>>> print(open('structure_10.cif').read())   # mmCIF, C-alpha atoms and all ligand atoms
data_model
loop_
_atom_site.label_atom_id
_atom_site.label_comp_id
_atom_site.auth_asym_id
_atom_site.auth_seq_id
_atom_site.Cartn_x
_atom_site.Cartn_y
_atom_site.Cartn_z
CA MET A 943 145.81 48.60 87.32
CA SER A 944 148.16 50.88 89.27
CA GLU A 945 150.24 49.50 92.13
CA GLN A 946 148.00 51.33 94.61
CA ARG A 947 144.70 50.33 93.01
CA ARG A 948 145.69 46.71 93.62
CA PHE A 949 144.61 47.48 97.21
CA ASP A 950 141.06 48.61 96.32
CA VAL A 951 139.55 45.15 96.59
CA TRP A 952 136.08 44.48 97.98
CA GLN A 953 134.56 41.01 98.32
CA ALA A 954 131.17 39.79 99.41
CA GLY A 955 130.41 38.04 102.64
CA PRO A 956 130.86 38.44 106.37
CA GLY A 957 134.30 40.05 105.87
CA TYR A 958 132.78 43.04 104.08
CA GLU A 959 129.96 43.30 106.62
CA ARG A 960 132.31 43.30 109.61
CA PHE A 961 134.79 45.71 108.10
CA MET A 962 132.62 48.20 106.22
CA GLY A 963 129.00 47.08 105.90
CA ARG A 964 128.18 47.65 109.55
CA TRP A 965 129.21 51.29 109.24
CA SER A 966 128.05 51.93 105.68
CA ARG A 967 124.54 50.83 106.68
CA ARG A 968 124.52 53.41 109.46
CA VAL A 969 125.67 56.11 107.07
CA ALA A 970 123.03 55.05 104.54
CA GLU A 971 120.32 55.36 107.21
CA ARG A 972 121.47 58.84 108.21
CA PHE A 973 121.87 59.87 104.57
CA THR A 974 118.31 58.90 103.62
CA ALA A 975 117.02 60.80 106.67
CA LEU A 976 118.82 64.03 105.69
CA GLU A 977 115.89 65.50 103.84
CA GLY A 978 112.41 64.49 102.86
CA HIS A 979 111.86 62.84 99.50
CA ALA A 980 108.59 62.32 97.71
CA ASP A 981 107.15 58.83 97.58
CA GLY A 982 107.28 56.84 94.38
CA LEU A 983 110.64 58.04 93.07
CA ARG A 984 112.96 56.07 90.81
CA TRP A 985 116.35 55.72 92.55
CA LEU A 986 119.64 54.65 91.01
CA ASP A 987 122.33 53.42 93.46
CA VAL A 988 125.76 53.40 91.81
CA GLY A 989 128.48 51.20 93.34
CA CYS A 990 125.84 49.43 95.43
CA GLY A 991 128.15 46.70 96.73
CA THR A 992 126.25 44.29 98.97
CA GLY A 993 123.26 46.65 98.91
CA ALA A 994 123.71 48.70 102.11
CA LEU A 995 122.24 51.87 100.63
CA THR A 996 119.91 50.07 98.20
CA SER A 997 118.17 48.22 101.03
CA VAL A 998 117.80 51.36 103.16
CA LEU A 999 116.29 53.23 100.19
CA ALA A 1000 113.83 50.37 99.61
CA ALA A 1001 112.87 50.17 103.29
CA ARG A 1002 112.61 53.87 104.12
CA CYS A 1003 112.01 55.96 101.00
CA ARG A 1004 108.88 54.31 99.56
CA PRO A 1005 110.44 54.18 96.07
CA ALA A 1006 108.79 53.17 92.81
CA VAL A 1007 112.00 51.26 92.12
CA VAL A 1008 115.64 51.16 93.15
CA LEU A 1009 118.29 49.91 90.72
CA GLY A 1010 121.63 49.00 92.30
CA CYS A 1011 124.66 48.82 89.99
CA ASP A 1012 128.12 47.52 90.82
CA ARG A 1013 130.95 46.22 88.70
CA SER A 1014 131.40 43.21 91.02
CA ALA A 1015 129.15 40.28 90.05
CA GLU A 1016 129.88 38.67 93.42
CA LEU A 1017 128.71 41.69 95.42
CA VAL A 1018 125.65 42.11 93.20
CA THR A 1019 124.69 38.47 93.80
CA THR A 1020 124.86 39.03 97.57
CA ALA A 1021 122.83 42.23 97.26
CA ARG A 1022 120.22 40.48 95.12
CA ASP A 1023 119.93 37.52 97.50
CA THR A 1024 119.22 39.76 100.47
CA ALA A 1025 117.03 42.40 98.81
CA HIS A 1026 113.39 43.13 99.61
CA GLY A 1027 110.93 45.43 97.91
CA PRO A 1028 110.92 47.04 94.45
CA VAL A 1029 114.64 46.53 93.89
CA GLY A 1030 116.66 45.41 90.86
CA PHE A 1031 120.37 45.02 90.25
CA ALA A 1032 122.82 45.18 87.36
CA VAL A 1033 126.48 44.30 87.05
CA ALA A 1034 127.77 47.50 85.50
CA ASP A 1035 130.61 49.95 85.61
CA ALA A 1036 129.82 53.34 87.13
CA ARG A 1037 131.39 54.96 84.07
CA ALA A 1038 128.97 53.26 81.65
CA LEU A 1039 125.63 52.76 83.35
CA PRO A 1040 123.08 50.56 81.51
CA VAL A 1041 120.28 53.13 81.79
CA ARG A 1042 118.60 55.58 79.46
CA ASP A 1043 119.22 59.32 79.64
CA ALA A 1044 117.03 61.25 82.10
CA SER A 1045 115.17 58.12 83.19
CA TRP A 1046 115.73 58.36 86.99
CA ASP A 1047 114.61 60.84 89.66
CA VAL A 1048 117.62 60.49 91.96
CA ALA A 1049 121.09 59.01 91.44
CA VAL A 1050 123.02 58.23 94.60
CA SER A 1051 126.33 56.65 95.38
CA GLY A 1052 127.71 55.50 98.74
CA LEU A 1053 131.47 55.28 99.42
CA LEU A 1054 132.34 54.75 95.75
CA LEU A 1055 133.58 57.92 94.08
CA ASN A 1056 137.19 57.91 95.28
CA PHE A 1057 137.65 54.37 93.97
CA LEU A 1058 136.97 55.47 90.39
CA PRO A 1059 140.11 56.30 88.38
CA GLU A 1060 138.25 59.31 86.96
CA PRO A 1061 135.48 60.31 89.41
CA ALA A 1062 134.19 62.95 86.97
CA GLU A 1063 133.18 60.15 84.58
CA GLY A 1064 131.02 58.60 87.29
CA VAL A 1065 129.39 61.92 88.15
CA ALA A 1066 128.74 62.59 84.45
CA GLU A 1067 127.00 59.22 84.16
CA MET A 1068 124.84 59.84 87.23
CA THR A 1069 123.95 63.28 85.87
CA ARG A 1070 123.08 61.84 82.46
CA ALA A 1071 120.81 59.28 84.13
CA VAL A 1072 118.62 61.71 86.08
CA ARG A 1073 115.86 63.88 84.65
CA PRO A 1074 116.13 67.68 84.68
CA GLY A 1075 115.27 68.70 88.25
CA GLY A 1076 116.43 65.33 89.55
CA GLN A 1077 119.07 65.01 92.26
CA VAL A 1078 122.59 63.59 92.11
CA ALA A 1079 124.10 62.81 95.52
CA ALA A 1080 127.01 60.88 96.94
CA TYR A 1081 128.98 60.42 100.12
CA VAL A 1082 132.56 59.45 100.79
CA TRP A 1083 134.51 58.91 104.00
CA ASP A 1084 136.50 61.80 105.42
CA TYR A 1085 139.73 59.82 105.30
CA ALA A 1086 141.84 62.82 106.28
CA GLU A 1087 140.30 63.24 109.70
CA GLY A 1088 136.78 62.26 110.63
CA MET A 1089 136.76 58.57 109.66
CA GLN A 1090 138.54 57.87 112.93
CA VAL A 1091 139.18 54.13 112.77
CA LEU A 1092 140.89 54.44 109.38
CA ARG A 1093 142.72 57.59 110.51
CA HIS A 1094 144.10 55.74 113.55
CA PHE A 1095 144.88 52.76 111.34
CA TRP A 1096 146.96 54.64 108.74
CA ASN A 1097 148.75 56.70 111.41
CA ALA A 1098 149.70 53.48 113.21
CA ALA A 1099 150.65 51.74 109.95
CA THR A 1100 152.93 54.62 108.96
CA SER A 1101 154.56 54.69 112.40
CA VAL A 1102 155.49 51.00 111.98
CA ASP A 1103 156.22 51.10 108.24
CA PRO A 1104 156.90 54.57 106.73
CA ALA A 1105 156.26 53.12 103.25
CA ALA A 1106 152.58 52.71 104.22
CA ALA A 1107 152.21 56.48 103.83
CA GLU A 1108 151.87 55.88 100.08
CA LEU A 1109 148.74 53.82 100.71
CA ASP A 1110 147.13 56.13 103.28
CA GLU A 1111 143.66 56.85 101.92
CA ALA A 1112 143.89 60.48 103.03
CA ARG A 1113 146.85 60.92 100.71
CA ARG A 1114 145.45 58.78 97.89
CA PHE A 1115 141.98 60.32 97.92
CA PRO A 1116 142.28 64.13 98.13
CA LEU A 1117 138.83 64.24 96.51
CA CYS A 1118 137.28 63.35 99.87
CA ARG A 1119 137.15 66.91 101.20
CA PRO A 1120 134.43 69.55 100.87
CA ASP A 1121 136.03 71.86 98.30
CA PRO A 1122 137.04 69.17 95.75
CA LEU A 1123 133.63 67.50 96.07
CA HIS A 1124 131.87 70.82 95.55
CA ALA A 1125 134.03 71.50 92.49
CA LEU A 1126 133.36 68.04 91.05
CA TRP A 1127 129.58 68.56 91.25
CA THR A 1128 129.76 72.09 89.90
CA GLN A 1129 131.97 71.03 86.98
CA ALA A 1130 129.40 68.35 86.11
CA GLY A 1131 126.91 71.19 85.55
CA LEU A 1132 124.89 70.42 88.68
CA THR A 1133 123.21 73.30 90.48
CA GLN A 1134 122.27 74.03 94.13
CA VAL A 1135 125.41 72.14 95.16
CA ARG A 1136 125.88 71.52 98.90
CA VAL A 1137 128.48 69.56 100.84
CA THR A 1138 127.57 68.63 104.41
CA PRO A 1139 129.11 66.37 107.08
CA LEU A 1140 127.41 63.27 108.33
CA VAL A 1141 128.75 61.60 111.49
CA VAL A 1142 127.91 58.14 112.78
CA PRO A 1143 129.17 56.41 115.93
CA THR A 1144 131.51 53.47 115.36
CA PRO A 1145 131.81 51.75 118.76
CA PHE A 1146 134.08 48.73 119.21
CA ALA A 1147 133.66 46.25 122.06
CA ASP A 1148 137.43 45.89 122.46
CA VAL A 1149 140.67 45.82 120.48
CA THR A 1150 139.82 42.44 118.91
CA ASP A 1151 136.53 43.84 117.63
CA LEU A 1152 138.42 46.75 116.07
CA TRP A 1153 141.37 44.76 114.69
CA SER A 1154 139.89 41.49 113.43
CA PRO A 1155 137.84 43.07 110.59
CA PHE A 1156 141.12 44.24 109.01
CA LEU A 1157 142.16 40.57 108.74
CA ALA A 1158 139.34 39.96 106.25
CA GLY A 1159 141.45 41.72 103.61
CA GLN A 1160 138.80 44.22 102.53
CA GLY A 1161 139.64 47.49 100.77
CA PRO A 1162 142.99 49.31 100.97
CA ALA A 1163 143.54 48.90 104.74
CA GLY A 1164 142.59 45.22 104.94
CA THR A 1165 144.56 44.34 101.81
CA TYR A 1166 147.58 46.07 103.33
CA VAL A 1167 147.26 44.12 106.61
CA THR A 1168 146.88 40.71 104.97
CA GLY A 1169 150.01 41.38 102.88
CA LEU A 1170 152.21 41.96 105.95
CA PRO A 1171 154.50 39.33 107.46
CA PRO A 1172 153.22 38.12 110.87
CA ASP A 1173 155.72 40.05 113.00
CA GLN A 1174 154.93 43.35 111.27
CA ARG A 1175 151.23 42.63 111.54
CA ASP A 1176 151.62 42.15 115.30
CA ARG A 1177 153.54 45.41 115.61
CA LEU A 1178 150.80 47.24 113.74
CA ARG A 1179 148.10 45.73 115.96
CA THR A 1180 150.02 46.86 119.05
CA ALA A 1181 150.55 50.38 117.68
CA LEU A 1182 146.88 50.67 116.75
CA ALA A 1183 145.73 49.38 120.15
CA ARG A 1184 147.93 52.01 121.85
CA SER A 1185 146.68 54.87 119.71
CA VAL A 1186 142.91 54.47 120.13
CA PRO A 1187 141.12 55.84 123.20
CA HIS A 1188 139.92 53.14 125.60
CA ASP A 1189 136.93 53.67 127.88
CA PRO A 1190 137.37 52.42 131.49
CA GLU A 1191 135.51 49.20 130.66
CA GLY A 1192 137.74 48.53 127.60
CA THR A 1193 135.38 49.67 124.88
CA ILE A 1194 136.64 51.97 122.15
CA THR A 1195 134.29 54.76 121.20
CA LEU A 1196 135.08 56.28 117.81
CA SER A 1197 133.02 58.01 115.16
CA ALA A 1198 133.11 58.17 111.40
CA ARG A 1199 132.45 61.28 109.33
CA ALA A 1200 131.37 61.16 105.73
CA TRP A 1201 131.06 64.13 103.39
CA VAL A 1202 127.76 64.24 101.56
CA VAL A 1203 127.59 66.13 98.26
CA ARG A 1204 124.28 66.91 96.59
CA GLY A 1205 123.20 68.82 93.52
CA VAL A 1206 120.32 69.17 91.08
CA ARG A 1207 120.38 68.60 87.33
CA ALA A 1208 119.46 71.83 85.58
C1 LIG A 1301 133.31 50.71 99.78
S1 LIG A 1301 132.31 49.81 98.69
C2 LIG A 1301 130.73 50.63 98.97
C3 LIG A 1301 129.56 49.73 98.68
C4 LIG A 1301 128.21 50.26 99.11
N1 LIG A 1301 127.80 51.41 98.31
C5 LIG A 1301 128.18 50.60 100.59
O1 LIG A 1301 127.92 51.76 100.92
O2 LIG A 1301 128.39 49.70 101.39
C6 LIG A 1301 132.79 50.39 97.08
C7 LIG A 1301 132.05 49.71 95.97
O3 LIG A 1301 132.37 50.33 94.73
C8 LIG A 1301 132.38 49.32 93.74
N2 LIG A 1301 133.11 49.83 92.58
C9 LIG A 1301 134.41 50.18 92.51
N3 LIG A 1301 134.71 50.63 91.27
C10 LIG A 1301 133.56 50.57 90.54
C11 LIG A 1301 133.22 50.90 89.20
N4 LIG A 1301 134.12 51.38 88.34
N5 LIG A 1301 131.94 50.72 88.80
C12 LIG A 1301 131.01 50.23 89.65
N6 LIG A 1301 131.28 49.89 90.93
C13 LIG A 1301 132.54 50.06 91.38
C14 LIG A 1301 133.04 48.15 94.43
O4 LIG A 1301 132.79 46.92 93.75
C15 LIG A 1301 132.38 48.22 95.81
O5 LIG A 1301 131.17 47.51 95.83
#
>>> encode(input="structure_10.cif", output="structure tokens", more="lines below")
Ligand SMILES: C[S@@+](CC[C@H](N)C(=O)[O-])C[C@H]1O[C@@H](n2cnc3c(N)ncnc32)[C@H](O)[C@@H]1O
Amino acid sequence: MSEQRRFDVWQAGPGYERFMGRWSRRVAERFTALEGHADGLRWLDVGCGTGALTSVLAARCRPAVVLGCDRSAELVTTARDTAHGPVGFAVADARALPVRDASWDVAVSGLLLNFLPEPAEGVAEMTRAVRPGGQVAAYVWDYAEGMQVLRHFWNAATSVDPAAAELDEARRFPLCRPDPLHALWTQAGLTQVRVTPLVVPTPFADVTDLWSPFLAGQGPAGTYVTGLPPDQRDRLRTALARSVPHDPEGTITLSARAWVVRGVRA
């Protein structure tokens, strides 16, 4: 594992929900509403985590079945324990999915691709899994700009500790922009490729509501925070609190943009 990938840690439980799950569920809801889908489809959700997208697909898309796959047994257990409807799960790596060729109608993936060492391998697997005419779709955060809480976070972190620039997800994940995503889908042989933005509100009640989820040590930002000595952590909290816009009543109104990429297997 590279020095930077050491930071790409996700764990089940309230920490994930407070840090990422509460926003990834909103994105999943908006994503499934983007365009109409037929009833009775077979959906594959790759990198399902605690099941944010899987559960929205089951609740809103009237599927025949949804299979969620994630390499983390712990996250899959949480997803399984909270699932409803025609849903199954597998502990599996996105680069070697335990499914037959062309056996799914739609393969989707929420907030996963940039965490794969070779994203093209994941896209190739999703493409292999869907039938000709089936759809392959994914979304990732716009770390460079539109995922505002993480943008403020890494700007503040770098202002306090210039070495944090190496860990900034905008720098680490250049894939998460329209042109590279479009190229990735096209190079996988997918057709009718489109990349579109999807924006969700991410309101915070106050600075504590914004800051405390980072202390759960989830993903690159949280892992960075929990590795800091207390004085540096305090300086980062102060810098972050100064940088975000406060409404008169103390609330912090931010938004998060994801890039959605979709294509069709020829
Ligand atoms: C940010 S979470 C997103 C989870 C979920 N899709 C959501 O939208 O909330 C990233 C997920 O990717 C999973 N993951 C990372 N690398 C993976 C791999 N090689 N194969 C399968 N899952 C992977 C992690 O375990 C984690 O659950």
>>> residues_around(input="structure_10.cif", residues="segment 1201-1203 of chain A", least_positions_apart="6", cutoff="7 Å", atoms="only C-alpha atoms", output="list in words")
Ala1079, Ala1080, Tyr1081, Val1082, Trp1083, Asp1084, Pro1120, Leu1123, His1124, Arg1136, Val1137, Thr1138, Pro1139 and Leu1140 of chain A
>>> residues_around(input="structure_10.cif", residues="segment 1046-1049 of chain A", least_positions_apart="3", cutoff="10 Å", atoms="only C-alpha atoms", output="number ranges by chain")
A: 979, 982-988, 1007-1009, 1041-1043, 1065, 1067-1080, 1204, 1206-1207
>>> residues_around(input="structure_10.cif", residues="Arg1179 of chain A", least_positions_apart="2", cutoff="12 Å", atoms="all atoms listed in the file", output="ChimeraX atom specification")
/A:1094-1099,1101-1102,1149-1157,1167,1170,1172-1177,1181-1186
>>> atom_distance(input="structure_10.cif", atom1="atom CA of Ala1105 of chain A", atom2="atom C1 of ligand LIG 1301 (chain A)")
23.3 Å
>>> residues_around(input="structure_10.cif", residues="Gly957 of chain A", least_positions_apart="6", cutoff="8 Å", atoms="only C-alpha atoms", output="short mmCIF file (atom, residue, chain, number, x, y, z; two decimals) with C-alpha atoms, in the coordinates of the input")
data_model
loop_
_atom_site.label_atom_id
_atom_site.label_comp_id
_atom_site.auth_asym_id
_atom_site.auth_seq_id
_atom_site.Cartn_x
_atom_site.Cartn_y
_atom_site.Cartn_z
CA PRO A 1155 137.84 43.07 110.59
CA ALA A 1158 139.34 39.96 106.25
CA GLY A 1159 141.45 41.72 103.61
CA GLN A 1160 138.80 44.22 102.53
#
>>> closest_residue(input="structure_10.cif", among="A:Ala994, A:Ala1066, A:Ala1107, A:Val1018", to="Arg1037 of chain A", atoms="all atoms listed in the file")
A:Ala1066
>>> residues_near_ligand(input="structure_10.cif", ligand="ligand LIG 1301 (chain A)", cutoff="7 Å", atoms="all atoms listed in the file", output="number ranges by chain")
A: 952, 962-963, 966-967, 970, 988-995, 1011-1014, 1017, 1034-1037, 1051-1054, 1057-1058
>>> write_last_selection(input="structure_10.cif", atoms="C-alpha atoms", output="PDB file, in the frame of the given file")
ATOM      1  CA  TRP A 952     136.080  44.480  97.980  1.00  0.00           C
ATOM      2  CA  MET A 962     132.620  48.200 106.220  1.00  0.00           C
ATOM      3  CA  GLY A 963     129.000  47.080 105.900  1.00  0.00           C
ATOM      4  CA  SER A 966     128.050  51.930 105.680  1.00  0.00           C
ATOM      5  CA  ARG A 967     124.540  50.830 106.680  1.00  0.00           C
ATOM      6  CA  ALA A 970     123.030  55.050 104.540  1.00  0.00           C
ATOM      7  CA  VAL A 988     125.760  53.400  91.810  1.00  0.00           C
ATOM      8  CA  GLY A 989     128.480  51.200  93.340  1.00  0.00           C
ATOM      9  CA  CYS A 990     125.840  49.430  95.430  1.00  0.00           C
ATOM     10  CA  GLY A 991     128.150  46.700  96.730  1.00  0.00           C
ATOM     11  CA  THR A 992     126.250  44.290  98.970  1.00  0.00           C
ATOM     12  CA  GLY A 993     123.260  46.650  98.910  1.00  0.00           C
ATOM     13  CA  ALA A 994     123.710  48.700 102.110  1.00  0.00           C
ATOM     14  CA  LEU A 995     122.240  51.870 100.630  1.00  0.00           C
ATOM     15  CA  CYS A1011     124.660  48.820  89.990  1.00  0.00           C
ATOM     16  CA  ASP A1012     128.120  47.520  90.820  1.00  0.00           C
ATOM     17  CA  ARG A1013     130.950  46.220  88.700  1.00  0.00           C
ATOM     18  CA  SER A1014     131.400  43.210  91.020  1.00  0.00           C
ATOM     19  CA  LEU A1017     128.710  41.690  95.420  1.00  0.00           C
ATOM     20  CA  ALA A1034     127.770  47.500  85.500  1.00  0.00           C
ATOM     21  CA  ASP A1035     130.610  49.950  85.610  1.00  0.00           C
ATOM     22  CA  ALA A1036     129.820  53.340  87.130  1.00  0.00           C
ATOM     23  CA  ARG A1037     131.390  54.960  84.070  1.00  0.00           C
ATOM     24  CA  SER A1051     126.330  56.650  95.380  1.00  0.00           C
ATOM     25  CA  GLY A1052     127.710  55.500  98.740  1.00  0.00           C
ATOM     26  CA  LEU A1053     131.470  55.280  99.420  1.00  0.00           C
ATOM     27  CA  LEU A1054     132.340  54.750  95.750  1.00  0.00           C
ATOM     28  CA  PHE A1057     137.650  54.370  93.970  1.00  0.00           C
ATOM     29  CA  LEU A1058     136.970  55.470  90.390  1.00  0.00           C
TER      30      LEU A1058
END
>>> closest_residue(input="structure_10.cif", among="A:Met1089, A:His1188, A:Gln946, A:Val1135", to="Ala1106 of chain A", atoms="all atoms listed in the file")
A:Gln946
>>> atom_distance(input="structure_10.cif", atom1="atom CA of Ala1015 of chain A", atom2="atom CA of Gln953 of chain A")
9.9 Å
>>> residues_near_point(input="structure_10.cif", point="(138.3, 44.2, 97.6)", cutoff="9 Å", atoms="only C-alpha atoms", output="list in words")
Arg948, Phe949, Asp950, Val951, Trp952, Gln953, Ala954, Tyr958, Gly1159, Gln1160, Gly1161, Pro1162, Gly1164 and Thr1165 of chain A
>>> write_last_selection(input="structure_10.cif", atoms="C-alpha atoms", output="PDB file, keeping the file's coordinate frame")
ATOM      1  CA  ARG A 948     145.690  46.710  93.620  1.00  0.00           C
ATOM      2  CA  PHE A 949     144.610  47.480  97.210  1.00  0.00           C
ATOM      3  CA  ASP A 950     141.060  48.610  96.320  1.00  0.00           C
ATOM      4  CA  VAL A 951     139.550  45.150  96.590  1.00  0.00           C
ATOM      5  CA  TRP A 952     136.080  44.480  97.980  1.00  0.00           C
ATOM      6  CA  GLN A 953     134.560  41.010  98.320  1.00  0.00           C
ATOM      7  CA  ALA A 954     131.170  39.790  99.410  1.00  0.00           C
ATOM      8  CA  TYR A 958     132.780  43.040 104.080  1.00  0.00           C
ATOM      9  CA  GLY A1159     141.450  41.720 103.610  1.00  0.00           C
ATOM     10  CA  GLN A1160     138.800  44.220 102.530  1.00  0.00           C
ATOM     11  CA  GLY A1161     139.640  47.490 100.770  1.00  0.00           C
ATOM     12  CA  PRO A1162     142.990  49.310 100.970  1.00  0.00           C
ATOM     13  CA  GLY A1164     142.590  45.220 104.940  1.00  0.00           C
ATOM     14  CA  THR A1165     144.560  44.340 101.810  1.00  0.00           C
TER      15      THR A1165
END
>>> atom_distance(input="structure_10.cif", atom1="atom CA of Leu1126 of chain A", atom2="atom CA of Ala975 of chain A")
23.7 Å
>>> closest_residue(input="structure_10.cif", among="A:Phe1146, A:Pro1005, A:Gly955, A:Leu976", to="Thr1020 of chain A", atoms="only C-alpha atoms")
A:Gly955
